[in-house]
Structure formats: structure tokens, C-alpha cells
Amino acid sequence: MTFKYFLVTVLIGFIFYLLLLPRLDLLRKGAIFLVVLTMLVFAIQPDWSTSVAQRVGVSRGVDLIFYLAHLTLFFLAFVYFLKFKKMEARFTKLVRELALDRARTGP
Amino acid sequence: MPAKHLGEVGPETFLVVPAYNEARVIGGVVSSLLTTFPNVVVVNDGSSDDTAAILKELPVTVVNHYVNLGQGAALQTGIKHALERGARYIVTFDADGQHRVEDALAAVHMLREGGCDVVCGSRFLGTTSNVPRTRKIILKAAVRLANLTTGARMTDAHNGLRALSRKAAACLDLSQSGMAHASEIISQLRQHKMLIREVPVQIAYTEYSLAKGQSSLNSINILLDLVIGRFLK
């Protein structure tokens with residue numbers, strides 16, 4: 001039972017943190033808020049996740065959350081990979097322009 | 001060393017040499033190039049050894065990458081610099097001493113004769129082939145794959161010696177910073193319908209160039225880079 005309280009505290013804390021974040025646009029904020037709220041509901045009422053899972057053909061609620069978490073993390077890894085590649089390209093350009101500006105011919 | 005019968009090369013020809021930690025050989029390689037080519041551009045790709053200090057003493061143009069970016073990025077920087085200085089012909093040449101100056105000269109002359117936009121060195125063309133066996137197998141596989149994906153018909157895919165006309169060099173916009181640039185160069189040239197010819201060259205497989213060069217296992221990384229590159233396009 002204690003873990004439940006811990007989880008609920010963390011999630012509520014996260015919601016407050018999210019509301020205070022100024023940099024995110026409303027759409028993202030709303031999406032994250034929905035996800036955290038769902039997590040909160042499932043933390044308080046774990047049986048509900050099972051009934052949702054069975055409706056989509058997964059037997060246990062924990063399994064459904066496990067699958068969804070996997071997909072989300074994979075998606076995030078991919079997004080960050082693309083971001084990294086883009087940053088690398090910009091970095092290359094920066095180093096190149098600096099090098100070209102300071103090219104010099106020896107004695 | 002310079003092949004006298006082929007004549008001199010004017011200042012409209014630029015030699016681009018990407019160098020990363022080549023302090024042991026760069027002085028000798030550049031000096032031998034200077035006997036034939038007046039314009040040598042060395043791109044010091046963030047070397048952590050004395051490469052920069054050695055280059056300072058030589059009458060060459062040095063372009064310094066502050067951090068190491070990779071050979072593809074270094075080539076692109078050197079080519080851009082040469083184009084900005086009005087080069088008509090650009091030759092790429094490895095810094096580790098594996099190429100021969102006379103082969104570079106032959107490539108430039110072939111290019112100047114006209115009839116093509118690019119001349120690529122091939123170690124598998126012509127009579128002599130001193131390529132180590134495992135390397136040969138991997139290089140041949142790389143050639144097949146490159147030909148398959150780019151539609152070109154080449155005999156060597158990863159040769160650092162090439163001569164490009166100004167028009168061909170201007171087509172290049174390399175995004176493969178690492179070693180996958182070799183295939184990328186061919187595919188970009190093909191996209192712009194550049195005519196590619198090959199010239200037989202010899203590679204000096206010295207202990208140094210073999211140690212400094214790519215490990216054969218790196219072919220897997222190159223393959224991965226190319227696949228990822230396709231997805232990012």
C-alpha cells in the first residue's frame with residue numbers, strides 16, 4: 001500500500017511542476033497532463049487498467065502499460081536521434097565556417 | 001618523384017589533403033606534393049598531435065577544424081576553400097602517404113583532356129595489384145554495393161585519390177562526415193549527371209598507412225551510416 005502513496009505523491013508533484021513550466025506550448029502541456037492524469041488514476045485504481053487492457057485484447061493492465069511505455073521510449077529515442085543528427089550537421093557547419101574564415105597560407 | 005613527361009600543373013589546380021593526427025608523415029607527403037602542385041590545401045581535422053605545428057612551417061594553405069569532424073567533413077571544407085579561391089581542378093589526396101604524386105598528376109591530366117568531369121583513382125584497374133587479401137574482399141564487396149546503390153560502374157569505391165572539375169566539385173554537399181563519404185561523393189556526382197572516369201593508381205600499403213587507415217571492420221559502420229543517411233534524406 002505504501003508504494004501507492006509514494007506514486008500518487010510523485011505524480012501530483014509532477015503535475016504541479018508541469019503547470020509551472022513556462023516554456024511548453026499548451027498542446028504539449030495538455031498531452032503530458034493527460035498522460036500523467038491517466039497514470040494517477042491507474043495508480044489509485046489499478047483494477048481499471050486491467051479492464052481497459054482487456055478491452056484492447058491484453059490480459060493484464062500492467063502489461064498494457066509496459067507495452068505503451070516501450071513504444072513511447074522507442075519513439076523518444078528516435079526523435080532524439082534525429083535531433084542529434086541535426087545538431088551535428090549544424091555543428092559541422094559552424095566548425096567549417098570558422099576554419100574557412102581563418103585559413104592561412106604558410107611561409 | 002614528379003612525372004616530368006606529364007608536364008607541370010598550374011595554380012588553377014588545387015590539392016586537398018584531409019589530415020588527422022598525421023604528424024609522422026604529413027611533412028614528407030606535403031613536401032613531395034609541393035614539387036608538382038603549387039597549391040596544396042591541408043585540412044587539419046582537429047589533430048591532437050603536432051600536425052598543425054609541422055604544417056605551419058610548410059608553404060601550404062592550412063584550414064584548421066577546431067574539433068575533429070571526420071574525413072568527409074574535412075574534404076568538404078577543403079573543397080569549399082578551393083572553390084572560393086577559384087580552383088578549376090580539385091584533387092583529393094590522402095595524408096598518410098598511400099598515394100603516389102604521379103598518380104595524382106595523371107588524374108589531373110586525364111581530367112584536363114576533357115570528356116569527363118571526374119577522374120577517380122582505382123587500385124583494381126591496370127596490371128599491378130598489391131592489395132592485401134582481406135582488404136581486397138571487403139573493398140570488392142563495397143564496390144558492388146556502391147555500384148548497386150549509385151548506379152555507377154566503378155572498380156574501386158573507397159579510393160581517396162580523385163580529380164574533380166570545378167563543376168563537379170560544386171555539386172558536392174557531403175553530409176556523411178565519417179568514412180561513408182566515399183559512396184556519398186559518387187552518388188551525388190551521379191545525381192548531377194557528372195561523367196566519371198577511372199585512372200589506375202597504386203596504393204602503398206606501408207605499415208603506417210595500414211595502421212592509420214581504416215580497420216576492415218569499419219566497413220560495417222560505413223554500411224550503417226549509409227543506411228541511416230538514406231532514412232534522413
# chains A, B, ... in the order shown; residues from 1 in each chain; ligands from 1
$ residues_around --residues "Gln45 of chain A" --least-positions-apart "6" --cutoff "12 Å" --atoms "only C-alpha atoms" --output "PyMOL selection string"
chain A and resi 1+4-5+8+38-39+51-52+61
$ write_last_selection --atoms "N, CA and C atoms" --output "compact mmCIF listing (two decimals), in the first residue's frame"
# COMPACT_ATOMS: atom_id res chain seq x y z
N MET A 1 0.81 -1.21 0.00
CA MET A 1 0.00 0.00 0.00
C MET A 1 0.85 1.26 0.00
N LYS A 4 1.85 2.85 -3.35
CA LYS A 4 0.76 3.59 -3.98
C LYS A 4 0.82 5.07 -3.60
N TYR A 5 0.99 5.32 -2.27
CA TYR A 5 1.03 6.70 -1.80
C TYR A 5 2.24 7.44 -2.39
N VAL A 8 1.48 8.27 -6.02
CA VAL A 8 0.50 9.35 -6.12
C VAL A 8 1.16 10.69 -5.80
N THR A 38 -3.85 10.03 -16.37
CA THR A 38 -4.18 8.62 -16.53
C THR A 38 -3.35 7.76 -15.59
N MET A 39 -2.07 8.07 -15.51
CA MET A 39 -1.19 7.32 -14.61
C MET A 39 -1.69 7.44 -13.17
N SER A 51 -9.23 -3.54 -16.85
CA SER A 51 -10.44 -3.57 -17.68
C SER A 51 -10.19 -2.86 -19.02
N VAL A 52 -9.39 -1.79 -18.98
CA VAL A 52 -9.02 -1.12 -20.25
C VAL A 52 -8.21 -2.07 -21.11
N GLY A 61 -3.49 -5.28 -17.00
CA GLY A 61 -3.28 -3.83 -17.11
C GLY A 61 -1.81 -3.46 -17.11
$ interface_residues --of "chain B" --to "chain A" --cutoff "8 Å" --atoms "only C-alpha atoms" --output "ChimeraX atom specification"
/B:55-67,69,73,77,81,175,232
$ write_last_selection --atoms "C-alpha atoms" --output "PDB file, in the first residue's frame"
ATOM      1  CA  LEU B  55      52.119  22.382 -41.322  1.00  0.00           C
ATOM      2  CA  LYS B  56      52.890  25.893 -40.082  1.00  0.00           C
ATOM      3  CA  GLU B  57      56.443  25.568 -41.403  1.00  0.00           C
ATOM      4  CA  LEU B  58      55.370  24.497 -44.883  1.00  0.00           C
ATOM      5  CA  PRO B  59      54.289  26.736 -47.790  1.00  0.00           C
ATOM      6  CA  VAL B  60      50.790  25.342 -47.889  1.00  0.00           C
ATOM      7  CA  THR B  61      47.360  26.636 -47.014  1.00  0.00           C
ATOM      8  CA  VAL B  62      46.151  25.238 -43.725  1.00  0.00           C
ATOM      9  CA  VAL B  63      42.497  25.111 -42.785  1.00  0.00           C
ATOM     10  CA  ASN B  64      42.049  24.107 -39.154  1.00  0.00           C
ATOM     11  CA  HIS B  65      38.977  22.351 -37.865  1.00  0.00           C
ATOM     12  CA  TYR B  66      38.971  23.174 -34.156  1.00  0.00           C
ATOM     13  CA  VAL B  67      37.492  19.797 -33.366  1.00  0.00           C
ATOM     14  CA  LEU B  69      34.748  16.105 -37.560  1.00  0.00           C
ATOM     15  CA  ALA B  73      33.656  16.862 -43.388  1.00  0.00           C
ATOM     16  CA  THR B  77      35.828  22.063 -46.098  1.00  0.00           C
ATOM     17  CA  HIS B  81      38.043  26.592 -49.728  1.00  0.00           C
ATOM     18  CA  SER B 175      26.582  15.194 -45.096  1.00  0.00           C
ATOM     19  CA  LEU B 232      17.369  11.035 -43.073  1.00  0.00           C
TER      20      LEU B 232
END
$ residues_around --residues "segment 12-21 of chain A" --least-positions-apart "3" --cutoff "10 Å" --atoms "only C-alpha atoms" --output "number ranges by chain"
A: 7-9, 24-25, 29-30, 32-34, 36-37, 40
$ write_last_selection --atoms "N, CA and C atoms" --output "short mmCIF file (atom, residue, chain, number, x, y, z; two decimals), in the first residue's frame"
data_model
loop_
_atom_site.label_atom_id
_atom_site.label_comp_id
_atom_site.auth_asym_id
_atom_site.auth_seq_id
_atom_site.Cartn_x
_atom_site.Cartn_y
_atom_site.Cartn_z
N LEU A 7 3.74 6.79 -5.21
CA LEU A 7 3.47 7.03 -6.63
C LEU A 7 2.53 8.23 -6.81
N VAL A 8 1.48 8.27 -6.02
CA VAL A 8 0.50 9.35 -6.12
C VAL A 8 1.16 10.69 -5.80
N THR A 9 1.99 10.71 -4.76
CA THR A 9 2.69 11.94 -4.39
C THR A 9 3.56 12.45 -5.53
N LEU A 24 6.73 25.31 -22.31
CA LEU A 24 5.98 24.39 -23.17
C LEU A 24 4.73 25.06 -23.75
N ASP A 25 4.41 24.72 -25.00
CA ASP A 25 3.16 25.24 -25.55
C ASP A 25 1.98 24.46 -24.97
N LYS A 29 1.68 20.66 -23.22
CA LYS A 29 1.33 20.65 -21.80
C LYS A 29 0.08 19.80 -21.57
N GLY A 30 -0.92 20.00 -22.44
CA GLY A 30 -2.18 19.26 -22.32
C GLY A 30 -1.96 17.78 -22.49
N ILE A 32 0.84 15.96 -22.07
CA ILE A 32 1.56 15.39 -20.93
C ILE A 32 0.63 15.31 -19.72
N PHE A 33 -0.17 16.36 -19.55
CA PHE A 33 -1.10 16.40 -18.42
C PHE A 33 -2.06 15.21 -18.47
N LEU A 34 -2.57 14.92 -19.67
CA LEU A 34 -3.49 13.79 -19.84
C LEU A 34 -2.82 12.47 -19.46
N VAL A 36 -0.20 11.96 -17.52
CA VAL A 36 0.08 11.89 -16.08
C VAL A 36 -1.20 11.65 -15.29
N LEU A 37 -2.27 12.28 -15.75
CA LEU A 37 -3.56 12.11 -15.08
C LEU A 37 -4.01 10.65 -15.18
N LEU A 40 -2.11 8.64 -12.82
CA LEU A 40 -2.59 8.90 -11.46
C LEU A 40 -3.83 8.06 -11.17
#
$ select_by_dssp --residues "segment 40-230 of chain B" --states "strand (DSSP E or B)" --output "ChimeraX atom specification"
/B:40-45,61-65,89-92,118-122,162-165,196-200
$ closest_residue --among "B:Leu223, B:Met179, B:Val16, B:Cys116" --to "Val30 of chain B" --atoms "only C-alpha atoms"
B:Val16
$ select_by_dssp --residues "segment 25-207 of chain B" --states "helix (DSSP H, G or I)" --output "PyMOL selection string"
chain B and resi 26-34+51-56+71-84+101-112+133-150+166-171+181-191+207
$ atom_distance --atom1 "atom CA of Arg90 of chain A" --atom2 "atom CA of Cys171 of chain B"
19.7 Å
$ residues_around --residues "segment 188-194 of chain B" --least-positions-apart "3" --cutoff "10 Å" --atoms "only C-alpha atoms" --output "MDAnalysis selection string"
chainID B and resid 116:118 150:152 164:165 167:174 183:185 197
$ write_last_selection --atoms "C-alpha atoms" --output "PDB file, in the first residue's frame"
ATOM      1  CA  CYS B 116      34.685  13.725 -68.211  1.00  0.00           C
ATOM      2  CA  ASP B 117      34.029  15.750 -65.065  1.00  0.00           C
ATOM      3  CA  VAL B 118      35.632  13.493 -62.514  1.00  0.00           C
ATOM      4  CA  THR B 150      24.527   4.608 -57.034  1.00  0.00           C
ATOM      5  CA  GLY B 151      24.090   3.022 -60.459  1.00  0.00           C
ATOM      6  CA  ALA B 152      27.718   3.726 -61.328  1.00  0.00           C
ATOM      7  CA  LEU B 164      37.242  16.884 -59.809  1.00  0.00           C
ATOM      8  CA  SER B 165      36.429  19.631 -62.241  1.00  0.00           C
ATOM      9  CA  LYS B 167      31.636  21.965 -61.970  1.00  0.00           C
ATOM     10  CA  ALA B 168      31.749  18.543 -60.321  1.00  0.00           C
ATOM     11  CA  ALA B 169      33.183  19.852 -57.053  1.00  0.00           C
ATOM     12  CA  ALA B 170      30.413  22.431 -56.817  1.00  0.00           C
ATOM     13  CA  CYS B 171      27.854  19.593 -56.897  1.00  0.00           C
ATOM     14  CA  LEU B 172      29.133  18.133 -53.667  1.00  0.00           C
ATOM     15  CA  ASP B 173      27.384  18.774 -50.391  1.00  0.00           C
ATOM     16  CA  LEU B 174      28.612  15.985 -48.167  1.00  0.00           C
ATOM     17  CA  SER B 183      29.994   6.400 -51.594  1.00  0.00           C
ATOM     18  CA  GLU B 184      28.197   9.679 -50.986  1.00  0.00           C
ATOM     19  CA  ILE B 185      30.550  11.511 -53.347  1.00  0.00           C
ATOM     20  CA  ARG B 197      36.260   8.022 -65.414  1.00  0.00           C
TER      21      ARG B 197
END
$ residues_around --residues "Ala19 of chain B" --least-positions-apart "4" --cutoff "10 Å" --atoms "only C-alpha atoms" --output "MDAnalysis selection string"
chainID B and resid 23 26 42:47 51:52 64 70:71 74:75 93:96
$ write_last_selection --atoms "all heavy atoms" --output "compact mmCIF listing (two decimals), in the first residue's frame"
# COMPACT_ATOMS: atom_id res chain seq x y z
N ALA B 23 51.15 13.57 -37.92
CA ALA B 23 52.42 14.27 -37.69
C ALA B 23 53.63 13.49 -38.23
O ALA B 23 54.57 14.06 -38.74
CB ALA B 23 52.61 14.54 -36.20
N ILE B 26 53.02 13.68 -42.43
CA ILE B 26 52.44 14.79 -43.19
C ILE B 26 53.50 15.67 -43.85
O ILE B 26 53.34 16.10 -45.00
CB ILE B 26 51.47 15.62 -42.30
CG1 ILE B 26 50.66 16.60 -43.15
CG2 ILE B 26 52.21 16.40 -41.22
CD1 ILE B 26 49.59 15.96 -43.97
N VAL B 42 45.79 21.84 -46.94
CA VAL B 42 45.68 20.76 -45.96
C VAL B 42 44.59 21.13 -44.96
O VAL B 42 44.61 22.21 -44.38
CB VAL B 42 47.00 20.51 -45.23
CG1 VAL B 42 46.86 19.32 -44.28
CG2 VAL B 42 48.13 20.26 -46.21
N VAL B 43 43.63 20.25 -44.79
CA VAL B 43 42.60 20.47 -43.78
C VAL B 43 43.01 19.66 -42.56
O VAL B 43 42.97 18.44 -42.57
CB VAL B 43 41.21 20.02 -44.27
CG1 VAL B 43 40.17 20.36 -43.22
CG2 VAL B 43 40.87 20.69 -45.59
N ASN B 44 43.46 20.38 -41.53
CA ASN B 44 43.84 19.72 -40.29
C ASN B 44 42.57 19.50 -39.48
O ASN B 44 42.00 20.42 -38.92
CB ASN B 44 44.84 20.60 -39.54
CG ASN B 44 45.12 20.06 -38.16
OD1 ASN B 44 44.99 18.87 -37.90
ND2 ASN B 44 45.48 20.95 -37.26
N ASP B 45 42.15 18.23 -39.43
CA ASP B 45 40.84 17.92 -38.87
C ASP B 45 40.90 17.73 -37.35
O ASP B 45 40.62 16.66 -36.84
CB ASP B 45 40.30 16.66 -39.55
CG ASP B 45 38.82 16.44 -39.25
OD1 ASP B 45 38.16 17.37 -38.79
OD2 ASP B 45 38.35 15.30 -39.49
N GLY B 46 41.30 18.79 -36.66
CA GLY B 46 41.33 18.73 -35.19
C GLY B 46 42.35 17.75 -34.64
O GLY B 46 42.11 17.09 -33.64
N SER B 47 43.51 17.69 -35.28
CA SER B 47 44.55 16.75 -34.82
C SER B 47 45.01 17.12 -33.42
O SER B 47 45.10 18.29 -33.06
CB SER B 47 45.77 16.80 -35.76
OG SER B 47 45.41 16.42 -37.05
N THR B 51 50.62 17.78 -35.91
CA THR B 51 50.29 18.03 -37.31
C THR B 51 50.22 19.53 -37.62
O THR B 51 50.82 20.00 -38.59
CB THR B 51 48.95 17.36 -37.67
OG1 THR B 51 49.06 15.96 -37.42
CG2 THR B 51 48.59 17.58 -39.12
N ALA B 52 49.53 20.29 -36.77
CA ALA B 52 49.37 21.72 -37.01
C ALA B 52 50.71 22.44 -37.01
O ALA B 52 50.99 23.28 -37.86
CB ALA B 52 48.43 22.32 -35.96
N ASN B 64 42.10 24.86 -40.41
CA ASN B 64 42.05 24.11 -39.15
C ASN B 64 40.63 23.90 -38.66
O ASN B 64 39.95 24.85 -38.32
CB ASN B 64 42.82 24.87 -38.07
CG ASN B 64 44.30 24.58 -38.13
OD1 ASN B 64 44.71 23.43 -38.14
ND2 ASN B 64 45.09 25.63 -38.19
N GLY B 70 35.79 14.40 -38.94
CA GLY B 70 35.77 13.23 -39.81
C GLY B 70 36.26 13.59 -41.20
O GLY B 70 36.24 14.75 -41.60
N GLN B 71 36.67 12.56 -41.96
CA GLN B 71 37.30 12.82 -43.24
C GLN B 71 36.34 13.43 -44.25
O GLN B 71 36.72 14.29 -45.05
CB GLN B 71 37.90 11.53 -43.81
CG GLN B 71 38.93 11.83 -44.87
CD GLN B 71 39.51 10.59 -45.51
OE1 GLN B 71 38.89 9.52 -45.52
NE2 GLN B 71 40.70 10.72 -46.03
N ALA B 74 36.08 17.04 -43.55
CA ALA B 74 37.34 17.72 -43.88
C ALA B 74 37.44 17.93 -45.39
O ALA B 74 37.86 19.00 -45.86
CB ALA B 74 38.52 16.90 -43.37
N LEU B 75 37.07 16.91 -46.15
CA LEU B 75 37.11 17.04 -47.62
C LEU B 75 36.20 18.17 -48.08
O LEU B 75 36.57 18.98 -48.91
CB LEU B 75 36.65 15.73 -48.26
CG LEU B 75 37.71 14.66 -48.46
CD1 LEU B 75 37.08 13.41 -49.04
CD2 LEU B 75 38.81 15.17 -49.38
N PHE B 93 43.54 13.96 -51.94
CA PHE B 93 44.74 13.14 -51.76
C PHE B 93 44.87 12.79 -50.29
O PHE B 93 44.81 13.67 -49.43
CB PHE B 93 45.95 13.97 -52.21
CG PHE B 93 47.19 13.19 -52.51
CD1 PHE B 93 47.45 12.76 -53.81
CD2 PHE B 93 48.13 12.92 -51.52
CE1 PHE B 93 48.62 12.06 -54.10
CE2 PHE B 93 49.29 12.21 -51.81
CZ PHE B 93 49.54 11.79 -53.10
N ASP B 94 45.05 11.51 -49.96
CA ASP B 94 45.15 11.12 -48.55
C ASP B 94 46.48 11.56 -47.95
O ASP B 94 47.50 11.60 -48.63
CB ASP B 94 44.99 9.60 -48.40
CG ASP B 94 43.54 9.18 -48.58
OD1 ASP B 94 42.68 10.07 -48.69
OD2 ASP B 94 43.27 7.96 -48.60
N ALA B 95 46.45 11.86 -46.65
CA ALA B 95 47.63 12.42 -45.99
C ALA B 95 48.60 11.36 -45.51
O ALA B 95 49.72 11.67 -45.11
CB ALA B 95 47.19 13.27 -44.81
N ASP B 96 48.21 10.10 -45.54
CA ASP B 96 49.04 9.08 -44.90
C ASP B 96 50.13 8.51 -45.81
O ASP B 96 50.81 7.57 -45.45
CB ASP B 96 48.16 7.95 -44.36
CG ASP B 96 47.36 7.28 -45.46
OD1 ASP B 96 47.53 7.65 -46.63
OD2 ASP B 96 46.55 6.38 -45.15
$ residues_around --residues "segment 226-231 of chain B" --least-positions-apart "4" --cutoff "8 Å" --atoms "only C-alpha atoms" --output "list of chain:residue names"
B:Gln176, B:Ala180, B:Ile222
$ write_last_selection --atoms "all heavy atoms" --output "JSON list (two decimals), in the first residue's frame"
[["chain", "number", "residue", "atom", "x", "y", "z"],
["B", 176, "GLN", "N", 27.80, 13.11, -44.98],
["B", 176, "GLN", "CA", 28.45, 12.00, -44.28],
["B", 176, "GLN", "C", 29.82, 12.47, -43.82],
["B", 176, "GLN", "O", 30.77, 12.53, -44.60],
["B", 176, "GLN", "CB", 28.61, 10.79, -45.21],
["B", 176, "GLN", "CG", 27.31, 10.16, -45.63],
["B", 176, "GLN", "CD", 26.69, 9.31, -44.53],
["B", 176, "GLN", "OE1", 27.23, 9.19, -43.44],
["B", 176, "GLN", "NE2", 25.54, 8.74, -44.81],
["B", 180, "ALA", "N", 31.76, 7.16, -44.70],
["B", 180, "ALA", "CA", 30.76, 6.82, -45.71],
["B", 180, "ALA", "C", 30.73, 7.86, -46.82],
["B", 180, "ALA", "O", 29.98, 7.72, -47.78],
["B", 180, "ALA", "CB", 29.38, 6.68, -45.06],
["B", 222, "ILE", "N", 30.36, 1.88, -41.84],
["B", 222, "ILE", "CA", 30.08, 2.65, -43.05],
["B", 222, "ILE", "C", 28.72, 2.27, -43.59],
["B", 222, "ILE", "O", 27.90, 3.11, -43.96],
["B", 222, "ILE", "CB", 31.17, 2.41, -44.10],
["B", 222, "ILE", "CG1", 32.50, 2.98, -43.62],
["B", 222, "ILE", "CG2", 30.78, 3.02, -45.44],
["B", 222, "ILE", "CD1", 33.67, 2.69, -44.51]]
$ atom_distance --atom1 "atom CA of Val199 of chain B" --atom2 "atom CA of His158 of chain B"
13.7 Å
$ atom_distance --atom1 "atom CA of Trp48 of chain A" --atom2 "atom CA of Thr72 of chain A"
21.0 Å
$ closest_residue --among "A:Phe84, A:Arg23, A:Val35, A:Leu11" --to "Ile65 of chain A" --atoms "only C-alpha atoms"
A:Val35
$ closest_residue --among "B:Ile54, B:Val143, B:Leu15, B:Leu217" --to "Leu105 of chain B" --atoms "only C-alpha atoms"
B:Leu15
$ decode --residues "segment 18-35 of chain B" --atoms "N, CA, C and O atoms" --output "compact mmCIF listing (two decimals), in the first residue's frame"
# COMPACT_ATOMS: atom_id res chain seq x y z
N PRO B 18 43.02 15.99 -46.57
CA PRO B 18 42.48 15.94 -45.21
C PRO B 18 43.45 15.20 -44.29
O PRO B 18 43.91 14.12 -44.64
N ALA B 19 43.76 15.80 -43.15
CA ALA B 19 44.76 15.18 -42.27
C ALA B 19 44.27 15.13 -40.83
O ALA B 19 43.80 16.13 -40.30
N TYR B 20 44.36 13.98 -40.23
CA TYR B 20 44.03 13.84 -38.81
C TYR B 20 45.12 13.04 -38.11
O TYR B 20 45.31 11.86 -38.42
N ASN B 21 45.83 13.68 -37.22
CA ASN B 21 46.94 13.04 -36.49
C ASN B 21 47.93 12.33 -37.42
O ASN B 21 48.17 11.14 -37.29
N GLU B 22 48.49 13.10 -38.34
CA GLU B 22 49.43 12.52 -39.31
C GLU B 22 50.83 13.10 -39.13
O GLU B 22 51.60 13.16 -40.08
N ALA B 23 51.15 13.57 -37.92
CA ALA B 23 52.42 14.27 -37.69
C ALA B 23 53.63 13.49 -38.23
O ALA B 23 54.57 14.06 -38.74
N ARG B 24 53.58 12.17 -38.15
CA ARG B 24 54.74 11.37 -38.54
C ARG B 24 55.03 11.45 -40.03
O ARG B 24 56.16 11.34 -40.46
N VAL B 25 53.98 11.61 -40.84
CA VAL B 25 54.20 11.54 -42.28
C VAL B 25 53.82 12.80 -43.04
O VAL B 25 54.23 12.99 -44.18
N ILE B 26 53.02 13.68 -42.43
CA ILE B 26 52.44 14.79 -43.19
C ILE B 26 53.50 15.67 -43.85
O ILE B 26 53.34 16.10 -45.00
N GLY B 27 54.62 15.91 -43.13
CA GLY B 27 55.69 16.75 -43.69
C GLY B 27 56.20 16.19 -45.00
O GLY B 27 56.29 16.90 -46.00
N GLY B 28 56.50 14.90 -45.00
CA GLY B 28 57.04 14.25 -46.20
C GLY B 28 56.03 14.24 -47.34
O GLY B 28 56.37 14.54 -48.49
N VAL B 29 54.80 13.89 -47.01
CA VAL B 29 53.75 13.80 -48.04
C VAL B 29 53.54 15.16 -48.69
O VAL B 29 53.53 15.29 -49.92
N VAL B 30 53.41 16.21 -47.87
CA VAL B 30 53.15 17.54 -48.40
C VAL B 30 54.34 18.04 -49.21
O VAL B 30 54.18 18.60 -50.29
N SER B 31 55.55 17.81 -48.70
CA SER B 31 56.73 18.26 -49.44
C SER B 31 56.80 17.62 -50.82
O SER B 31 57.12 18.28 -51.81
N SER B 32 56.49 16.33 -50.89
CA SER B 32 56.56 15.66 -52.19
C SER B 32 55.46 16.19 -53.12
O SER B 32 55.66 16.29 -54.34
N LEU B 33 54.34 16.58 -52.55
CA LEU B 33 53.26 17.14 -53.37
C LEU B 33 53.67 18.50 -53.93
O LEU B 33 53.36 18.85 -55.08
N LEU B 34 54.37 19.28 -53.10
CA LEU B 34 54.74 20.64 -53.49
C LEU B 34 55.71 20.68 -54.67
O LEU B 34 55.79 21.68 -55.37
N THR B 35 56.42 19.57 -54.91
CA THR B 35 57.33 19.55 -56.05
C THR B 35 56.55 19.61 -57.36
O THR B 35 57.07 20.01 -58.39
